[in-house]
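Structure data follow from run_18.csv (CSV, C-alpha atoms and all ligand atoms):
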chain,number,residue,atom,x,y,z
A,236,MET,CA,86.1,22.2,-11.3
A,237,ARG,CA,85.1,22.8,-14.9
A,238,VAL,CA,81.3,22.9,-15.1
A,239,LEU,CA,79.1,22.9,-18.2
A,240,VAL,CA,75.6,24.5,-18.0
A,241,THR,CA,73.4,23.8,-21.0
A,242,GLY,CA,70.6,26.4,-21.2
A,243,GLY,CA,72.8,28.6,-19.2
A,244,ALA,CA,71.5,31.8,-20.8
A,245,GLY,CA,68.0,31.1,-19.6
A,246,PHE,CA,66.2,32.1,-16.4
A,247,ILE,CA,67.4,29.3,-14.0
A,248,GLY,CA,70.6,28.7,-16.0
A,249,SER,CA,71.9,32.2,-15.6
A,250,HIS,CA,71.4,32.1,-11.8
A,251,LEU,CA,73.2,28.7,-11.7
A,252,CYS,CA,76.2,30.0,-13.7
A,253,GLU,CA,76.5,33.0,-11.4
A,254,ARG,CA,76.4,30.7,-8.3
A,255,LEU,CA,79.0,28.3,-9.8
A,256,LEU,CA,81.3,31.1,-10.7
A,257,GLY,CA,80.9,32.5,-7.2
A,258,GLU,CA,82.1,29.2,-5.9
A,259,GLY,CA,85.3,29.5,-7.9
A,260,HIS,CA,84.5,27.0,-10.7
A,261,ASP,CA,85.3,27.5,-14.4
A,262,VAL,CA,81.9,27.7,-16.0
A,263,LEU,CA,81.1,26.9,-19.7
A,264,CYS,CA,77.6,28.1,-20.6
A,265,LEU,CA,76.1,26.5,-23.7
A,266,ASP,CA,72.9,28.0,-25.3
A,267,ASN,CA,71.2,28.5,-28.6
A,268,TYR,CA,69.4,31.6,-27.3
A,269,PHE,CA,65.9,30.3,-28.2
A,270,THR,CA,64.4,31.6,-25.0
A,271,GLY,CA,67.6,32.7,-23.2
A,272,SER,CA,69.5,35.9,-23.6
A,273,LYS,CA,73.1,37.2,-23.3
A,274,ARG,CA,71.6,40.0,-21.2
A,275,ASN,CA,71.0,37.5,-18.4
A,276,LEU,CA,74.7,36.8,-18.3
A,277,ALA,CA,75.9,40.4,-18.5
A,278,PRO,CA,77.3,40.4,-14.9
A,279,LEU,CA,79.4,37.4,-15.7
A,280,LEU,CA,80.8,38.3,-19.1
A,281,GLY,CA,83.9,39.9,-17.8
A,282,SER,CA,85.1,36.9,-15.8
A,283,PRO,CA,88.1,35.0,-17.2
A,284,ARG,CA,86.6,31.8,-15.7
A,285,PHE,CA,83.4,32.2,-17.7
A,286,GLU,CA,82.9,31.0,-21.3
A,287,LEU,CA,79.9,31.3,-23.6
A,288,ILE,CA,79.3,28.8,-26.4
A,289,ARG,CA,76.5,29.2,-29.0
A,290,HIS,CA,75.4,25.7,-29.7
A,291,ASP,CA,72.2,23.6,-30.0
A,292,VAL,CA,72.1,20.5,-27.9
A,293,THR,CA,70.4,18.6,-30.7
A,294,GLU,CA,73.9,18.5,-32.2
A,295,PRO,CA,76.8,16.6,-30.5
A,296,ILE,CA,79.7,18.5,-29.0
A,297,LEU,CA,82.9,17.4,-27.3
A,298,LEU,CA,84.2,19.4,-24.3
A,299,GLU,CA,86.5,18.6,-21.4
A,300,VAL,CA,84.4,19.0,-18.2
A,301,ASP,CA,83.9,17.6,-14.8
A,302,GLN,CA,80.2,18.3,-14.3
A,303,ILE,CA,77.3,18.9,-16.6
A,304,TYR,CA,74.0,20.6,-15.7
A,305,ASN,CA,71.6,19.8,-18.6
A,306,LEU,CA,69.0,22.6,-18.5
A,307,ALA,CA,68.6,23.3,-22.2
A,308,CYS,CA,64.9,23.3,-23.1
A,309,PRO,CA,62.2,26.0,-23.3
A,310,ALA,CA,60.2,25.8,-20.0
A,311,SER,CA,57.1,27.9,-20.8
A,312,PRO,CA,54.2,26.2,-22.5
A,313,VAL,CA,53.9,29.0,-25.1
A,314,HIS,CA,57.6,28.4,-26.1
A,315,TYR,CA,57.7,24.6,-25.9
A,316,GLN,CA,54.5,24.3,-27.9
A,317,TYR,CA,55.8,26.8,-30.6
A,318,ASN,CA,57.8,24.0,-32.3
A,319,PRO,CA,56.9,20.8,-30.5
A,320,VAL,CA,59.0,18.5,-32.7
A,321,LYS,CA,62.1,20.7,-31.8
A,322,THR,CA,61.1,20.5,-28.1
A,323,ILE,CA,61.1,16.7,-28.1
A,324,LYS,CA,64.4,16.7,-30.0
A,325,THR,CA,65.9,19.0,-27.5
A,326,ASN,CA,64.9,16.8,-24.6
A,327,VAL,CA,65.8,13.4,-26.2
A,328,LEU,CA,68.7,14.2,-28.5
A,329,GLY,CA,70.0,16.8,-26.0
A,330,ALA,CA,70.0,14.2,-23.2
A,331,ILE,CA,71.7,11.6,-25.5
A,332,HIS,CA,74.4,14.0,-26.5
A,333,MET,CA,75.1,15.2,-23.0
A,334,LEU,CA,75.1,11.7,-21.6
A,335,GLY,CA,77.4,10.6,-24.4
A,336,LEU,CA,79.7,13.5,-23.4
A,337,ALA,CA,79.5,12.6,-19.7
A,338,LYS,CA,80.3,8.9,-20.5
A,339,ARG,CA,83.3,9.9,-22.6
A,340,VAL,CA,84.9,12.4,-20.2
A,341,ARG,CA,83.6,10.7,-17.0
A,342,ALA,CA,81.7,13.8,-15.9
A,343,ARG,CA,78.8,13.7,-13.4
A,344,ILE,CA,75.6,14.9,-15.1
A,345,LEU,CA,72.4,16.4,-13.7
A,346,GLN,CA,69.2,16.4,-15.7
A,347,ALA,CA,66.7,19.2,-15.2
A,348,SER,CA,63.4,17.3,-15.1
A,349,THR,CA,60.1,18.7,-14.1
A,350,SER,CA,56.9,18.2,-12.1
A,351,GLU,CA,55.3,17.8,-15.5
A,352,VAL,CA,56.4,14.1,-15.4
A,353,TYR,CA,53.5,13.7,-13.0
A,354,GLY,CA,51.1,15.1,-15.7
A,355,ASP,CA,47.7,16.0,-14.3
A,356,PRO,CA,48.4,14.2,-11.0
A,357,LEU,CA,45.9,12.0,-9.3
A,358,GLU,CA,48.0,11.8,-6.2
A,359,HIS,CA,48.4,15.0,-4.1
A,360,PRO,CA,51.0,16.2,-3.1
A,361,GLN,CA,53.3,14.4,-5.5
A,362,THR,CA,56.1,12.1,-4.2
A,363,GLU,CA,58.9,10.8,-6.3
A,364,LYS,CA,57.3,7.3,-6.1
A,365,TYR,CA,54.2,8.5,-8.1
A,366,TRP,CA,54.5,7.4,-11.8
A,367,GLY,CA,52.2,10.1,-13.1
A,368,HIS,CA,49.1,10.6,-15.2
A,369,VAL,CA,50.4,12.0,-18.5
A,370,ASN,CA,48.6,12.3,-21.8
A,371,PRO,CA,51.1,10.9,-24.4
A,372,ILE,CA,49.4,12.6,-27.4
A,373,GLY,CA,48.4,16.1,-26.1
A,374,ILE,CA,49.8,19.5,-26.7
A,375,ARG,CA,52.0,19.3,-23.5
A,376,SER,CA,53.3,15.9,-24.4
A,377,CYS,CA,56.3,17.1,-26.4
A,378,TYR,CA,57.6,18.5,-23.1
A,379,ASP,CA,56.2,16.0,-20.5
A,380,GLU,CA,57.1,12.9,-22.5
A,381,GLY,CA,60.3,14.4,-23.6
A,382,LYS,CA,61.4,15.0,-20.0
A,383,ARG,CA,60.2,11.4,-19.1
A,384,VAL,CA,62.4,10.0,-21.8
A,385,ALA,CA,65.3,12.1,-20.7
A,386,GLU,CA,64.9,10.6,-17.2
A,387,THR,CA,64.8,7.1,-18.7
A,388,LEU,CA,68.0,7.8,-20.7
A,389,MET,CA,69.7,9.0,-17.5
A,390,MET,CA,68.9,5.8,-15.6
A,391,ASP,CA,69.7,3.6,-18.6
A,392,TYR,CA,73.1,5.2,-19.1
A,393,HIS,CA,73.6,4.9,-15.4
A,394,ARG,CA,72.8,1.1,-15.3
A,395,GLN,CA,74.4,0.2,-18.6
A,396,ASN,CA,77.4,2.5,-18.7
A,397,LYS,CA,77.9,3.5,-15.1
A,398,VAL,CA,77.4,7.2,-15.9
A,399,ASP,CA,77.2,9.2,-12.7
A,400,VAL,CA,73.7,10.8,-13.0
A,401,ARG,CA,71.4,13.1,-11.0
A,402,ILE,CA,67.8,13.8,-11.7
A,403,VAL,CA,66.0,16.8,-10.3
A,404,ARG,CA,62.2,17.3,-10.7
A,405,ILE,CA,61.8,21.1,-10.6
A,406,PHE,CA,58.4,22.5,-9.6
A,407,ASN,CA,57.2,26.0,-10.8
A,408,THR,CA,60.1,28.4,-10.1
A,409,TYR,CA,60.1,32.2,-10.4
A,410,GLY,CA,62.4,35.1,-9.9
A,411,PRO,CA,64.3,37.9,-11.6
A,412,ARG,CA,65.5,37.2,-15.2
A,413,MET,CA,62.2,35.5,-16.2
A,414,ALA,CA,61.6,36.8,-19.7
A,415,LEU,CA,58.9,39.5,-20.0
A,416,GLU,CA,57.2,37.8,-22.9
A,417,ASP,CA,57.9,34.3,-21.5
A,418,GLY,CA,54.2,33.4,-21.2
A,419,ARG,CA,54.4,31.8,-17.8
A,420,VAL,CA,51.9,32.8,-15.1
A,421,VAL,CA,54.3,34.7,-12.8
A,422,SER,CA,55.8,36.9,-15.5
A,423,ASN,CA,52.4,37.4,-17.3
A,424,PHE,CA,50.6,38.5,-14.1
A,425,ILE,CA,53.4,40.8,-12.9
A,426,ALA,CA,53.8,42.4,-16.3
A,427,GLN,CA,50.1,42.8,-16.8
A,428,ALA,CA,49.7,44.3,-13.3
A,429,LEU,CA,52.5,46.8,-13.8
A,430,ARG,CA,51.2,47.9,-17.1
A,431,GLY,CA,47.7,48.3,-15.8
A,432,GLU,CA,46.4,45.6,-18.1
A,433,ASP,CA,43.8,42.9,-17.2
A,434,LEU,CA,45.3,39.8,-15.5
A,435,THR,CA,44.4,36.8,-17.7
A,436,VAL,CA,43.3,33.9,-15.5
A,437,PHE,CA,42.9,30.8,-17.6
A,438,GLY,CA,39.7,28.8,-16.7
A,439,ASP,CA,38.1,29.6,-13.4
A,440,GLY,CA,41.5,29.9,-11.6
A,441,SER,CA,40.8,27.0,-9.2
A,442,GLN,CA,43.8,25.1,-10.5
A,443,THR,CA,46.8,25.2,-8.1
A,444,ARG,CA,50.5,25.7,-8.3
A,445,SER,CA,53.3,25.9,-5.7
A,446,PHE,CA,55.9,28.5,-6.5
A,447,CYS,CA,59.6,28.3,-5.5
A,448,TYR,CA,62.1,31.2,-5.5
A,449,VAL,CA,65.0,30.7,-7.9
A,450,ASP,CA,67.7,31.0,-5.2
A,451,ASP,CA,66.1,28.2,-3.2
A,452,LEU,CA,65.9,26.1,-6.4
A,453,VAL,CA,69.6,26.7,-7.3
A,454,GLU,CA,70.7,25.7,-3.8
A,455,GLY,CA,68.7,22.5,-4.1
A,456,ILE,CA,70.2,21.5,-7.4
A,457,VAL,CA,73.8,22.3,-6.4
A,458,ARG,CA,73.3,20.2,-3.3
A,459,LEU,CA,72.0,17.3,-5.4
A,460,MET,CA,74.9,17.5,-7.9
A,461,ASN,CA,77.4,17.4,-5.1
A,462,LYS,CA,75.9,14.6,-3.0
A,463,ASP,CA,77.6,11.3,-3.5
A,464,GLY,CA,75.7,8.1,-4.0
A,465,PHE,CA,72.3,9.5,-4.7
A,466,THR,CA,70.9,9.7,-8.2
A,467,GLY,CA,67.4,11.0,-7.4
A,468,PRO,CA,64.9,11.7,-8.9
A,469,VAL,CA,64.2,14.2,-6.2
A,470,ASN,CA,61.5,16.9,-6.1
A,471,ILE,CA,62.8,20.5,-5.6
A,472,GLY,CA,60.0,23.0,-5.1
A,473,ASN,CA,58.1,25.1,-2.5
A,474,PRO,CA,55.1,23.2,-1.0
A,475,THR,CA,53.2,26.5,-0.4
A,476,GLU,CA,50.2,26.0,-2.7
A,477,SER,CA,47.7,28.5,-4.0
A,478,THR,CA,45.0,28.7,-6.6
A,479,ILE,CA,45.8,30.7,-9.7
A,480,LEU,CA,42.9,33.1,-8.9
A,481,GLU,CA,44.4,33.7,-5.4
A,482,PHE,CA,47.8,34.2,-7.0
A,483,ALA,CA,46.3,36.9,-9.4
A,484,GLN,CA,44.8,38.7,-6.4
A,485,ARG,CA,48.1,38.6,-4.6
A,486,ILE,CA,49.9,40.1,-7.5
A,487,ILE,CA,47.4,42.9,-7.8
A,488,ALA,CA,47.7,43.6,-4.0
A,489,LEU,CA,51.5,43.5,-4.0
A,490,THR,CA,51.9,45.8,-7.1
A,491,GLY,CA,49.1,48.2,-5.9
A,492,SER,CA,47.7,47.9,-9.4
A,493,ARG,CA,44.3,48.9,-10.6
A,494,SER,CA,44.2,46.0,-13.0
A,495,ARG,CA,41.1,43.7,-13.1
A,496,ILE,CA,41.0,40.0,-13.4
A,497,VAL,CA,39.6,38.5,-16.6
A,498,HIS,CA,39.1,34.8,-17.5
A,499,ARG,CA,40.3,33.2,-20.7
A,500,PRO,CA,39.8,29.5,-21.8
A,501,LEU,CA,41.8,26.9,-20.0
A,502,PRO,CA,44.4,25.3,-22.3
A,503,SER,CA,43.9,21.5,-22.7
A,504,ASP,CA,45.7,19.2,-20.3
A,505,ASP,CA,46.4,22.0,-17.9
A,506,PRO,CA,47.2,20.2,-14.6
A,507,ARG,CA,44.4,20.8,-12.0
A,508,GLN,CA,46.7,20.7,-9.0
A,509,ARG,CA,50.4,20.6,-8.2
A,510,GLN,CA,52.4,20.5,-4.9
A,511,PRO,CA,55.7,18.9,-4.2
A,512,ASP,CA,56.3,16.5,-1.4
A,513,ILE,CA,59.8,17.5,-0.4
A,514,SER,CA,60.5,14.8,2.3
A,515,LEU,CA,63.1,13.2,0.2
A,516,ALA,CA,65.0,16.4,-0.5
A,517,ARG,CA,64.8,17.2,3.3
A,518,ARG,CA,66.2,13.8,4.2
A,519,GLU,CA,68.9,13.3,1.5
A,520,LEU,CA,70.0,16.9,0.9
A,521,GLY,CA,69.1,18.6,4.1
A,522,TRP,CA,67.3,21.1,1.8
A,523,GLU,CA,64.1,23.1,2.2
A,524,PRO,CA,63.0,26.4,0.7
A,525,LYS,CA,63.8,29.5,2.7
A,526,VAL,CA,62.3,32.4,0.7
A,527,HIS,CA,58.7,33.2,1.4
A,528,LEU,CA,56.4,33.9,-1.5
A,529,ALA,CA,55.9,37.6,-0.5
A,530,GLU,CA,59.7,38.2,-0.2
A,531,GLY,CA,60.4,36.4,-3.6
A,532,LEU,CA,57.6,38.2,-5.3
A,533,GLU,CA,58.9,41.6,-4.0
A,534,GLN,CA,62.3,40.9,-5.6
A,535,THR,CA,60.7,39.7,-8.9
A,536,ILE,CA,58.3,42.7,-9.1
A,537,ALA,CA,61.3,45.1,-8.5
A,538,TYR,CA,63.1,43.4,-11.4
A,539,PHE,CA,60.1,43.7,-13.8
A,540,LYS,CA,59.6,47.3,-12.8
A,541,GLN,CA,63.3,48.0,-13.8
A,542,LEU,CA,62.9,46.1,-17.0
A,543,LEU,CA,59.7,47.9,-18.0
A,544,ALA,CA,61.2,51.3,-17.1
A,545,ARG,CA,64.2,50.6,-19.5
A,546,ARG,CA,61.8,49.8,-22.3
A,601,LIG,P1,64.3,29.1,-20.0
A,601,LIG,O1,63.4,29.0,-21.2
A,601,LIG,O2,64.5,30.5,-19.4
A,601,LIG,O3,65.7,28.5,-20.2
A,601,LIG,C1,66.0,27.5,-21.1
A,601,LIG,C2,67.3,27.8,-21.8
A,601,LIG,O4,67.6,26.7,-22.7
A,601,LIG,C3,67.2,29.0,-22.7
A,601,LIG,O5,68.4,29.8,-22.5
A,601,LIG,C4,67.2,28.5,-24.1
A,601,LIG,O6,67.7,29.4,-25.1
A,601,LIG,C5,68.0,27.2,-24.0
A,601,LIG,N1,67.7,26.2,-25.0
A,601,LIG,C6,66.5,25.8,-25.5
A,601,LIG,N2,66.6,24.9,-26.4
A,601,LIG,C7,67.9,24.7,-26.6
A,601,LIG,C8,68.7,23.9,-27.5
A,601,LIG,N3,68.1,23.1,-28.4
A,601,LIG,N4,70.1,24.0,-27.4
A,601,LIG,C9,70.7,24.8,-26.5
A,601,LIG,N5,70.0,25.6,-25.7
A,601,LIG,C10,68.6,25.6,-25.7
A,601,LIG,O7,63.7,28.1,-18.9
A,601,LIG,P2,64.1,27.9,-17.4
A,601,LIG,O8,62.9,28.2,-16.6
A,601,LIG,O9,65.3,28.6,-17.0
A,601,LIG,O10,64.2,26.3,-17.4
A,601,LIG,C11,65.5,25.7,-17.3
A,601,LIG,C12,65.3,24.2,-17.2
A,601,LIG,O11,64.5,23.9,-16.0
A,601,LIG,C13,64.5,23.6,-18.4
A,601,LIG,O12,65.1,22.3,-18.7
A,601,LIG,C14,63.1,23.4,-17.8
A,601,LIG,O13,62.4,22.3,-18.5
A,601,LIG,C15,63.4,23.1,-16.4
A,601,LIG,N6,62.3,23.4,-15.5
A,601,LIG,C16,62.0,24.7,-15.2
A,601,LIG,C17,60.9,25.0,-14.4
A,601,LIG,C18,60.5,26.4,-14.0
A,601,LIG,O14,59.5,26.6,-13.4
A,601,LIG,N7,61.3,27.4,-14.4
A,601,LIG,C19,60.1,24.0,-13.9
A,601,LIG,C20,60.4,22.7,-14.3
A,601,LIG,C21,61.5,22.4,-15.1
A,602,LIG,N1,48.0,30.7,-16.4
A,602,LIG,C1,47.0,31.7,-16.3
A,602,LIG,N2,47.2,32.9,-17.0
A,602,LIG,C2,48.4,33.1,-17.7
A,602,LIG,C3,49.3,32.1,-17.8
A,602,LIG,C4,49.1,30.9,-17.1
A,602,LIG,O1,46.0,31.6,-15.7
A,602,LIG,O2,48.5,34.2,-18.3
A,602,LIG,C5,47.7,29.5,-15.6
A,602,LIG,C6,48.0,28.2,-16.5
A,602,LIG,O3,46.8,27.8,-17.1
A,602,LIG,C7,48.3,27.2,-15.4
A,602,LIG,C8,49.1,28.1,-14.3
A,602,LIG,O4,48.7,29.4,-14.6
A,602,LIG,O5,47.2,26.7,-14.8
A,602,LIG,C9,50.6,28.0,-14.5
A,602,LIG,O6,51.0,28.2,-15.8
A,602,LIG,P1,52.5,28.3,-16.3
A,602,LIG,O7,52.4,28.4,-17.8
A,602,LIG,O8,53.2,29.3,-15.5
A,602,LIG,O9,53.1,26.9,-15.9
A,602,LIG,P2,52.7,25.4,-15.9
A,602,LIG,O10,51.3,25.2,-16.4
A,602,LIG,O11,53.7,24.7,-16.8
A,602,LIG,O12,52.8,25.0,-14.5
Structure encoded using structure tokens:
Amino acid sequence: MRVLVTGGAGFIGSHLCERLLGEGHDVLCLDNYFTGSKRNLAPLLGSPRFELIRHDVTEPILLEVDQIYNLACPASPVHYQYNPVKTIKTNVLGAIHMLGLAKRVRARILQASTSEVYGDPLEHPQTEKYWGHVNPIGIRSCYDEGKRVAETLMMDYHRQNKVDVRIVRIFNTYGPRMALEDGRVVSNFIAQALRGEDLTVFGDGSQTRSFCYVDDLVEGIVRLMNKDGFTGPVNIGNPTESTILEFAQRIIALTGSRSRIVHRPLPSDDPRQRQPDISLARRELGWEPKVHLAEGLEQTIAYFKQLLARR
């Protein structure tokens, strides 16, 4: 098949492109390089089945493809809050343009949604039936509400135009190829620990997250894309939950760092708790995460060590 991956030069997108090429597909990677990088795709650039397109999803494009994975959107709060109007345009116009393309060429389309659609959740763990607790006017809204509208668009094109859609709600994912200056907690803590700098825990660190290794995530979204008769939305994430303070301590232990933990103000609307209920993914996709946190972090730390050594 010919598969389009928007945001393919980013962290998750580059792993997905690699996986799809490995399965024998022709892969078109589309990216504007806002947070992604050609370096992430270096191992793929020699392949005759791999094509790279510099393009912004806020502009329309016409391509002949069989499947579309719509991942284009900065995922780190630092980056998506840098230009919030652009973030909402990327989510909304990007979804409209990719859905328009899917409709025209009859491609199946998968939207990368997020656990952020649950906002600061009042139900725990989060199931797909939960409608969320989202601030529509806060600093995270450009991302949260943008992704919620993208989900709405998917379902409206599905009902109105019979577009074959898939929606995945991705929970915090980590692994090699996260950008060093990305600003998310995993890359921040590992880079700080390896440099011997203080680890910056926002607030008292009692807020929780559940971290999924990127290979597990990619397996889940590829299964969703190729499952007939199931649109989702479906949660893909690792239910192993920890507080951010425990997570900082774990990174210090795993890196053998002498770094200390310092506290910084908690950004507004930072969700207090997050853990996916993955019963639906287990039932519909036969999927569950395989990589333990210790194992995934070992791979990720090794990657960041290499990256820092090169610098
Ligand atoms: P990332 O920032 O590494 O990748 C996003 C990619 O999209 C980058 O390559 C960036 O350059 C590209 N991009 C941004 N705006 C664009 C535009 N207007 N046009 C074209 N390309 C554009 O982030 P990631 O972690 O790889 O996330 C990928 C997708 O998964 C995003 O849609 C994100 O919202 C979603 N997601 C990720 C996580 C996570 O924990 N990593 C969690 C939930 C959802
Ligand atoms: N966080 C932190 N220190 C950092 C970066 C993030 O304590 O240097 C916290 C952040 O406040 C949040 C959690 O870690 O509670 C996860 O943040 P991230 O930006 O990785 O993802 P998200 O909040 O979108 O889940």
Restricting the calculation to only C-alpha atoms: of A:Pro500, A:Gly381, A:Pro278, A:Pro295, which residue gets closest to Thr349 of chain A?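 Result for the nearest residue to Thr349 of chain A: A:Gly381.
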Between A:Ile425, A:Leu528, A:Leu543, A:Val436, which has the minimum distance to Thr408 of chain A (counting only C-alpha atoms)?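 Between A:Ile425, A:Leu528, A:Leu543, A:Val436, the residue approaching Thr408 of chain A most closely is A:Leu528.
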Using all atoms listed in the file, which protein or nucleic acid residues come within 12 Å of Arg499 of chain A? Drop anything in the same chain fewer than 3 positions from it, and give the result as a ChimeraX atom specification. /A:433-440,496,502
Which chains and residue numbers are within 6 Å of ligand LIG 601 (chain A), counting only C-alpha atoms and all ligand atoms, if I want them as JSON, numbers by chain? {"A": [242, 243, 244, 245, 246, 247, 248, 266, 267, 268, 269, 270, 271, 290, 291, 292, 293, 306, 307, 308, 309, 310, 325, 347, 348, 349, 405, 406, 407, 408]}
Select, counting only C-alpha atoms, all protein, DNA and RNA residues no farther than 10 Å from (43.9, 30.1, -6.0) in file coordinates, and express the selection as a list in words.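 Result, sorted by chain then residue number: Asp439, Gly440, Ser441, Gln442, Thr443, Arg444, Glu476, Ser477, Thr478, Ile479, Leu480, Glu481, Phe482, Ala483, Gln484 and Arg485 of chain A.
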Work out how far apart atom CA of Pro524 of chain A and atom CA of Val453 of chain A are and give it in Å to one decimal. 10.4 Å
Hey, which of A:Ile323, A:Val400, A:Val449, A:Val526 ends up closest to Lys462 of chain A? Count only C-alpha atoms.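 Closest candidate: A:Val400.
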Please, what distance in Å, to one decimal, runs between atom CA of Leu520 of chain A and atom CA of Glu351 of chain A?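 According to the coordinates, atom CA of Leu520 of chain A and atom CA of Glu351 of chain A are separated by 22.0 Å.
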Using all atoms listed in the file, can you tell me which of A:Ile536, A:Val300, A:Met389, A:Val352 comes closest to ligand LIG 602 (chain A)?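 Going through A:Ile536, A:Val300, A:Met389, A:Val352 one by one, the smallest distance to ligand LIG 602 (chain A) is for A:Val352.
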Selected residue, from A:Ala529, A:Leu345, A:Ile402, A:Val421, that lies nearest to ligand LIG 602 (chain A) when counting all atoms listed in the file: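 Counting all atoms listed in the file, the residue closest to ligand LIG 602 (chain A) is A:Val421.
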If you measure from atom CA of Gln302 of chain A to atom CA of Thr362 of chain A, what distance in Å do you get, rounded to one decimal?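 One can read the atom CA of Gln302 of chain A to atom CA of Thr362 of chain A distance as 26.9 Å.
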Between A:Leu263, A:Ala516, A:Ala428, A:Leu459, which has the minimum distance to Ile288 of chain A (counting only C-alpha atoms)?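 Among the listed residues, A:Leu263 lies closest to Ile288 of chain A.
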So that I can see what lies close to Pro411 of chain A, please list as a ChimeraX atom specification the residues with an atom at most 8 Å from it, counting all atoms listed in the file and leaving out residues fewer than 3 positions away in the same chain. /A:246,534-535,538-539
Would you pick out the contacts of Gln316 of chain A at 12 Å or less, using all atoms listed in the file, so that residues sharing its chain but fewer than 2 positions from it are not included, and give the list as a list in words?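 The residues that qualify are Cys308, Pro309, Ala310, Ser311, Pro312, Val313, His314, Asn318, Pro319, Val320, Lys321, Thr322, Ile323, Gly373, Ile374, Arg375, Ser376, Cys377, Tyr378, Asp379, Gly418 and Pro502 of chain A.
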Shell of 12 Å around Glu258 of chain A, all atoms listed in the file, local chain residues under 2 positions omitted, as an NGL selection string: :A and (236-238 or 251-256 or 260-262 or 284 or 457)
